>>> print(open('run-v7.txt').read())   # compact mmCIF, C-alpha atoms
# COMPACT_ATOMS: atom_id res chain seq x y z
CA MET A 158 3.97 7.95 -20.23
CA THR A 159 4.21 10.26 -23.20
CA GLN A 160 7.15 10.38 -25.57
CA LYS A 161 8.02 14.04 -26.15
CA ALA A 162 11.14 13.63 -28.26
CA PRO A 163 12.00 10.80 -30.68
CA THR A 164 15.01 9.88 -28.56
CA ASP A 165 12.99 9.52 -25.35
CA GLY A 166 12.26 6.16 -23.83
CA VAL A 167 8.74 5.33 -22.74
CA VAL A 168 7.61 3.29 -19.75
CA SER A 169 4.09 2.38 -18.75
CA LEU A 170 2.03 1.88 -15.64
CA LEU A 171 -1.26 0.07 -15.20
CA THR A 172 -3.85 2.20 -13.44
CA SER A 173 -4.90 -0.89 -11.48
CA ASP A 174 -1.33 -1.28 -10.17
CA VAL A 175 -1.19 2.39 -9.19
CA ARG A 176 -4.56 2.29 -7.45
CA ALA A 177 -3.48 -0.89 -5.68
CA THR A 178 -1.09 1.39 -3.80
CA ASP A 179 -4.16 1.87 -1.70
CA SER A 180 -2.62 3.95 1.00
CA VAL A 181 0.47 5.95 1.77
CA LYS A 182 0.73 6.88 5.41
CA THR A 183 2.65 9.41 7.37
CA PHE A 184 3.57 8.64 10.94
CA GLU A 185 4.16 10.75 14.00
CA ASN A 186 5.89 8.98 16.87
CA GLY A 187 5.05 5.67 15.25
CA VAL A 188 1.34 6.47 15.07
CA PRO A 189 -0.34 6.79 11.62
CA LYS A 190 -1.22 10.45 11.19
CA ILE A 191 -2.53 10.81 7.64
CA THR A 192 -3.52 8.06 5.22
CA TYR A 193 -3.49 8.99 1.54
CA LYS A 194 -5.49 7.11 -1.06
CA ILE A 195 -3.82 7.04 -4.47
CA ASP A 196 -5.95 7.47 -7.56
CA VAL A 197 -5.46 7.92 -11.32
CA VAL A 198 -7.56 10.70 -12.82
CA SER A 199 -8.14 11.26 -16.53
CA ILE A 200 -7.03 14.79 -17.44
CA PRO A 201 -7.15 15.16 -21.24
CA LEU A 202 -4.81 17.85 -22.52
CA ILE A 203 -6.63 19.81 -25.18
CA GLY A 204 -5.82 23.15 -26.74
CA ILE A 205 -2.70 23.88 -24.72
CA PRO A 206 -0.44 26.26 -26.67
CA GLY A 207 2.68 24.53 -27.93
CA GLU A 208 1.46 21.09 -26.90
CA THR A 209 -0.04 18.31 -28.96
CA ASP A 210 -3.51 17.35 -27.74
CA ASN A 211 -3.31 14.23 -25.57
CA LEU A 212 -6.66 12.65 -24.78
CA ALA A 213 -4.98 9.80 -22.90
CA HIS A 214 -3.25 12.03 -20.38
CA ALA A 215 -3.86 11.16 -16.74
CA GLU A 216 -2.55 12.28 -13.38
CA ILE A 217 -1.71 10.26 -10.30
CA ARG A 218 -3.19 12.04 -7.30
CA PRO A 219 -3.31 11.48 -3.58
CA ASN A 220 -6.42 12.12 -1.54
CA PRO A 221 -6.18 14.26 0.52
CA GLU A 222 -3.52 16.48 -1.04
CA TYR A 223 -0.07 15.76 0.33
CA LYS A 224 1.08 17.79 3.28
CA GLY A 225 4.81 17.75 2.77
CA ASN A 226 6.48 15.90 -0.05
CA LYS A 227 8.06 12.92 1.72
CA PRO A 228 5.09 10.58 1.11
CA PHE A 229 5.15 11.67 -2.53
CA LYS A 230 8.81 10.71 -2.80
CA ARG A 231 8.11 7.24 -1.47
CA LEU A 232 5.24 6.93 -3.96
CA LEU A 233 7.63 7.89 -6.78
CA GLU A 234 9.93 5.07 -5.75
CA ARG A 235 7.05 2.60 -5.84
CA LEU A 236 5.97 3.85 -9.28
CA ALA A 237 9.54 3.32 -10.50
CA PHE A 238 9.36 -0.29 -9.26
CA LEU A 239 6.05 -0.81 -11.07
CA ALA A 240 7.39 0.70 -14.30
CA ASN A 241 10.61 -1.32 -14.13
CA ALA A 242 8.64 -4.53 -13.76
CA ARG A 243 6.91 -3.82 -17.09
CA GLN A 244 10.16 -3.07 -18.96
CA TRP A 245 10.45 -0.40 -21.66
CA GLU A 246 7.54 0.18 -24.02
CA ILE A 247 9.99 2.12 -26.21
CA PRO A 248 13.65 2.01 -25.19
CA PRO A 249 15.54 5.29 -25.07
CA TYR A 250 17.79 6.17 -27.96
CA GLU A 251 20.90 4.93 -26.13
CA LEU A 252 19.48 1.40 -25.79
CA ARG A 253 18.10 1.00 -29.30
CA MET B 230 16.34 21.30 8.78
CA SER B 231 19.57 21.90 6.98
CA LEU B 232 22.80 20.03 6.78
CA CYS B 233 26.31 21.30 6.70
CA ILE B 234 28.88 18.69 5.84
CA ASN B 235 31.69 20.87 4.57
CA GLU B 236 35.10 19.35 4.99
CA THR B 237 37.94 21.67 5.89
CA SER B 238 40.86 19.36 5.19
CA SER B 239 41.73 17.86 1.84
CA THR B 240 43.93 15.11 3.25
CA ASN B 241 43.54 11.80 1.42
CA ILE B 242 41.25 13.26 -1.22
CA PRO B 243 42.59 12.54 -4.70
CA LYS B 244 42.32 16.05 -6.04
CA ALA B 245 42.60 15.14 -9.69
CA GLN B 246 39.33 13.25 -9.43
CA SER B 247 37.62 15.62 -7.07
CA TRP B 248 36.33 19.10 -7.74
CA ASN B 249 37.69 19.69 -11.21
CA ALA B 250 36.50 16.38 -12.61
CA SER B 251 33.07 16.85 -11.09
CA LEU B 252 32.81 20.34 -12.45
CA VAL B 253 33.56 19.13 -15.95
CA ASP B 254 31.06 16.30 -15.65
CA TYR B 255 28.24 18.46 -14.37
CA LYS B 256 28.99 21.28 -16.76
CA ALA B 257 28.50 18.71 -19.50
CA LEU B 258 25.33 17.58 -17.77
CA SER B 259 23.93 21.08 -17.66
CA GLN B 260 24.75 21.66 -21.28
CA SER B 261 23.11 18.44 -22.36
CA LEU B 262 20.03 19.24 -20.31
CA GLY B 263 19.87 22.71 -21.77
CA ASP B 264 20.17 21.42 -25.32
CA THR B 265 17.09 19.27 -25.32
CA ASP B 266 13.40 19.91 -25.29
CA SER B 267 12.71 16.43 -24.04
CA ASN B 268 13.42 17.09 -20.36
CA PRO B 269 11.11 19.23 -18.23
CA ILE B 270 13.86 21.52 -17.00
CA PRO B 271 12.62 23.90 -14.29
CA SER B 272 12.50 27.45 -15.56
CA ASP B 273 14.99 28.53 -12.92
CA PHE B 274 17.56 25.91 -13.90
CA LYS B 275 20.47 28.22 -14.38
CA HIS B 276 22.61 25.67 -16.19
CA TYR B 277 26.19 26.42 -15.30
CA GLN B 278 25.48 27.81 -11.83
CA ASP B 279 23.26 24.86 -10.97
CA ALA B 280 25.82 22.45 -12.38
CA GLN B 281 28.44 24.07 -10.18
CA TRP B 282 26.14 23.76 -7.16
CA ILE B 283 25.56 20.09 -7.97
CA GLY B 284 29.28 19.49 -8.37
CA GLU B 285 29.98 21.08 -5.01
CA TRP B 286 27.43 18.88 -3.27
CA VAL B 287 28.63 15.70 -4.92
CA ASP B 288 32.18 16.53 -3.92
CA ARG B 289 31.10 17.18 -0.33
CA LEU B 290 29.35 13.83 -0.15
CA ARG B 291 32.23 12.05 -1.82
CA SER B 292 34.64 13.67 0.59
CA VAL B 293 32.67 12.41 3.60
CA ALA B 294 32.44 8.91 2.10
CA ILE B 295 36.14 8.65 1.34
CA ARG B 296 37.19 10.19 4.64
CA ASN B 297 35.15 7.57 6.48
CA GLY B 298 36.30 4.69 4.29
CA LEU B 299 32.81 4.12 2.89
CA TRP B 300 31.66 2.74 -0.44
CA TRP B 301 31.38 5.44 -3.05
CA GLN B 302 30.12 5.57 -6.59
CA LYS B 303 29.24 8.58 -8.70
CA PRO B 304 25.47 9.11 -8.36
CA LEU B 305 22.90 9.53 -11.08
CA VAL B 306 22.19 13.27 -10.96
CA ASN B 307 18.99 15.05 -11.83
CA MET B 308 16.90 18.04 -10.82
CA ASN B 309 13.24 17.59 -10.01
CA ILE B 310 10.32 19.89 -10.65
CA ASP B 311 10.89 21.55 -7.26
CA SER B 312 14.44 22.44 -8.38
CA GLU B 313 15.93 20.05 -5.85
CA ILE B 314 19.12 18.19 -6.72
CA VAL B 315 18.27 14.49 -6.86
CA LEU B 316 21.17 12.08 -6.35
CA GLU B 317 20.55 8.35 -6.77
CA TRP B 318 22.70 5.34 -6.00
CA TRP B 319 21.99 1.66 -6.54
CA HIS B 320 23.97 -1.03 -4.77
CA LYS B 321 22.92 -4.67 -4.81
CA SER B 322 19.19 -4.65 -4.03
CA ARG B 323 19.26 -1.25 -2.37
CA LYS B 324 18.60 2.23 -3.67
CA LEU B 325 19.39 5.51 -1.97
CA THR B 326 18.00 8.85 -3.11
CA ILE B 327 19.14 12.16 -1.64
CA TYR B 328 17.20 15.37 -2.30
CA ILE B 329 19.01 18.68 -1.76
CA SER B 330 16.98 21.86 -1.85
CA HIS B 331 18.26 25.36 -2.46
CA ASP B 332 18.11 26.15 1.27
CA ASP B 333 20.47 23.15 1.77
CA THR B 334 17.77 21.05 3.39
CA VAL B 335 18.68 17.45 2.67
CA ASP B 336 16.14 14.61 2.64
CA PHE B 337 16.69 10.98 1.79
CA VAL B 338 14.69 7.91 0.83
CA LYS B 339 16.09 4.42 1.38
CA VAL B 340 14.44 1.75 -0.74
CA TRP B 341 14.85 -2.03 -0.59
CA GLY B 342 11.53 -3.08 -2.12
CA PRO B 343 8.27 -1.74 -3.57
CA ASP B 344 6.23 -1.53 -0.35
CA VAL B 345 6.06 2.10 0.71
CA HIS B 346 5.55 1.19 4.37
CA THR B 347 7.78 -1.80 5.01
CA GLN B 348 10.52 -1.48 2.37
CA MET B 349 11.18 2.25 2.30
CA GLU B 350 12.35 4.73 4.86
CA ASP B 351 12.65 8.48 4.56
CA GLY B 352 14.13 11.19 6.68
CA SER B 353 16.25 14.29 6.81
CA LEU B 354 20.00 14.55 7.15
CA GLU B 355 20.77 16.78 10.07
CA SER B 356 24.35 15.85 10.84
CA LYS B 357 27.38 14.28 9.28
CA SER B 358 26.73 11.13 11.28
CA ASP B 359 23.32 10.83 9.57
CA LEU B 360 25.08 10.93 6.22
CA VAL B 361 27.64 8.35 7.30
CA SER B 362 24.76 6.16 8.46
CA ILE B 363 22.92 6.16 5.13
CA LEU B 364 26.13 5.71 3.14
CA ASN B 365 26.89 2.75 5.39
CA TRP B 366 23.42 1.41 4.64
CA ILE B 367 23.77 1.59 0.86
CA ALA B 368 27.26 0.08 1.09
CA ASP B 369 26.11 -2.94 3.09
>>> encode(input="run-v7.txt", output="structure tokens")
Amino acid sequence: MTQKAPTDGVVSLLTSDVRATDSVKTFENGVPKITYKIDVVSIPLIGIPGETDNLAHAEIRPNPEYKGNKPFKRLLERLAFLANARQWEIPPYELR
Amino acid sequence: MSLCINETSSTNIPKAQSWNASLVDYKALSQSLGDTDSNPIPSDFKHYQDAQWIGEWVDRLRSVAIRNGLWWQKPLVNMNIDSEIVLEWWHKSRKLTIYISHDDTVDFVKVWGPDVHTQMEDGSLESKSDLVSILNWIAD
């Protein structure tokens, strides 16, 4: 994760951990309807007005694109678990 | 789906800690959010109005919890990139997140572990009994 302000905390995720979330499913009447594969894609940020270039920038993407945001919310919770397990890379200002 | 959980009676609600206190808290929240460049505040975050909206929702939820004798703790409050209110509670090993959209659709995610299939459950709140049920769950 990128620190945007000096007071911000920074957490990290391993791409291997994120990709190991190999599927997020939606169900209809208990039957799996759509299975999403989760991937991490390198998206360097270059030449964006007002932003510092960030060659390390990446996005976490489902395949196919989410239909509805409930699976995405469950994925966010899992990512929070993964980040918590790795502790702070840089603690936020309040914890320094 | 939308949820209406307005309470019409104020019996047993300690007023001094209800609406006014929440309004002050969330006004401060909106000001702090507006004063920093470090948070990706949605462009339509209207600061005071949104803080007021958040305060109203928190008070509604708190009212239902207290009226039903349920565990209650002030949630961590945020707004996500879709301009939904995000309310989060942690209790023991459980986490409850409630998402409230501007059309008053209310979704929730219950989390008791990292597995998205076996340790999380999501859904929509469609009645007051649904809300009582998830507040009971986080209180357990």
>>> closest_residue(input="run-v7.txt", among="B:Thr347, B:Gln278, B:Ser330, B:Ser353", to="Met308 in chain B", atoms="all atoms listed in the file")
B:Ser330
>>> closest_residue(input="run-v7.txt", among="A:Asp196, A:Glu222, A:Glu251, A:Asp165", to="chain B", atoms="only C-alpha atoms")
A:Asp165
>>> residues_around(input="run-v7.txt", residues="range 227-234 of chain A", least_positions_apart="3", cutoff="12 Å", atoms="all atoms listed in the file", output="MDAnalysis selection string")
(chainID A and resid 175:184 190:196 217:224 237:241) or (chainID B and resid 309 311 315 317 323:328 335:353)
>>> write_last_selection(input="run-v7.txt", atoms="C-alpha atoms", output="tab-separated table (two decimals), keeping the file's coordinate frame")
chain	number	residue	atom	x	y	z
A	175	VAL	CA	-1.19	2.39	-9.19
A	176	ARG	CA	-4.56	2.29	-7.45
A	177	ALA	CA	-3.48	-0.89	-5.68
A	178	THR	CA	-1.09	1.39	-3.80
A	179	ASP	CA	-4.16	1.87	-1.70
A	180	SER	CA	-2.62	3.95	1.00
A	181	VAL	CA	0.47	5.95	1.77
A	182	LYS	CA	0.73	6.88	5.41
A	183	THR	CA	2.65	9.41	7.37
A	184	PHE	CA	3.57	8.64	10.94
A	190	LYS	CA	-1.22	10.45	11.19
A	191	ILE	CA	-2.53	10.81	7.64
A	192	THR	CA	-3.52	8.06	5.22
A	193	TYR	CA	-3.49	8.99	1.54
A	194	LYS	CA	-5.49	7.11	-1.06
A	195	ILE	CA	-3.82	7.04	-4.47
A	196	ASP	CA	-5.95	7.47	-7.56
A	217	ILE	CA	-1.71	10.26	-10.30
A	218	ARG	CA	-3.19	12.04	-7.30
A	219	PRO	CA	-3.31	11.48	-3.58
A	220	ASN	CA	-6.42	12.12	-1.54
A	221	PRO	CA	-6.18	14.26	0.52
A	222	GLU	CA	-3.52	16.48	-1.04
A	223	TYR	CA	-0.07	15.76	0.33
A	224	LYS	CA	1.08	17.79	3.28
A	237	ALA	CA	9.54	3.32	-10.50
A	238	PHE	CA	9.36	-0.29	-9.26
A	239	LEU	CA	6.05	-0.81	-11.07
A	240	ALA	CA	7.39	0.70	-14.30
A	241	ASN	CA	10.61	-1.32	-14.13
B	309	ASN	CA	13.24	17.59	-10.01
B	311	ASP	CA	10.89	21.55	-7.26
B	315	VAL	CA	18.27	14.49	-6.86
B	317	GLU	CA	20.55	8.35	-6.77
B	323	ARG	CA	19.26	-1.25	-2.37
B	324	LYS	CA	18.60	2.23	-3.67
B	325	LEU	CA	19.39	5.51	-1.97
B	326	THR	CA	18.00	8.85	-3.11
B	327	ILE	CA	19.14	12.16	-1.64
B	328	TYR	CA	17.20	15.37	-2.30
B	335	VAL	CA	18.68	17.45	2.67
B	336	ASP	CA	16.14	14.61	2.64
B	337	PHE	CA	16.69	10.98	1.79
B	338	VAL	CA	14.69	7.91	0.83
B	339	LYS	CA	16.09	4.42	1.38
B	340	VAL	CA	14.44	1.75	-0.74
B	341	TRP	CA	14.85	-2.03	-0.59
B	342	GLY	CA	11.53	-3.08	-2.12
B	343	PRO	CA	8.27	-1.74	-3.57
B	344	ASP	CA	6.23	-1.53	-0.35
B	345	VAL	CA	6.06	2.10	0.71
B	346	HIS	CA	5.55	1.19	4.37
B	347	THR	CA	7.78	-1.80	5.01
B	348	GLN	CA	10.52	-1.48	2.37
B	349	MET	CA	11.18	2.25	2.30
B	350	GLU	CA	12.35	4.73	4.86
B	351	ASP	CA	12.65	8.48	4.56
B	352	GLY	CA	14.13	11.19	6.68
B	353	SER	CA	16.25	14.29	6.81
>>> closest_residue(input="run-v7.txt", among="A:Leu171, A:Leu236, A:Met158, A:Val198", to="chain B", atoms="only C-alpha atoms")
A:Leu236
>>> closest_residue(input="run-v7.txt", among="B:Gly298, B:Gln281, B:Ser322, B:Val306", to="chain A", atoms="all atoms listed in the file")
B:Ser322
>>> atom_distance(input="run-v7.txt", atom1="CA of Tyr250 in chain A", atom2="CA of Val168 in chain A")
13.4 Å
>>> atom_distance(input="run-v7.txt", atom1="CA of Arg291 in chain B", atom2="CA of Lys303 in chain B")
8.3 Å
>>> atom_distance(input="run-v7.txt", atom1="CA of Trp245 in chain A", atom2="CA of Ala213 in chain A")
18.5 Å
>>> residues_around(input="run-v7.txt", residues="Asn297 in chain B", least_positions_apart="6", cutoff="10 Å", atoms="only C-alpha atoms", output="MDAnalysis selection string")
chainID B and resid 291 361 364:365
>>> closest_residue(input="run-v7.txt", among="A:Ala215, A:Leu252, A:Ala242, A:Ala162", to="Asp174 in chain A", atoms="all atoms listed in the file")
A:Ala242
>>> closest_residue(input="run-v7.txt", among="B:Ile295, B:Leu290, B:Ile310, B:Ala368", to="chain A", atoms="all atoms listed in the file")
B:Ile310
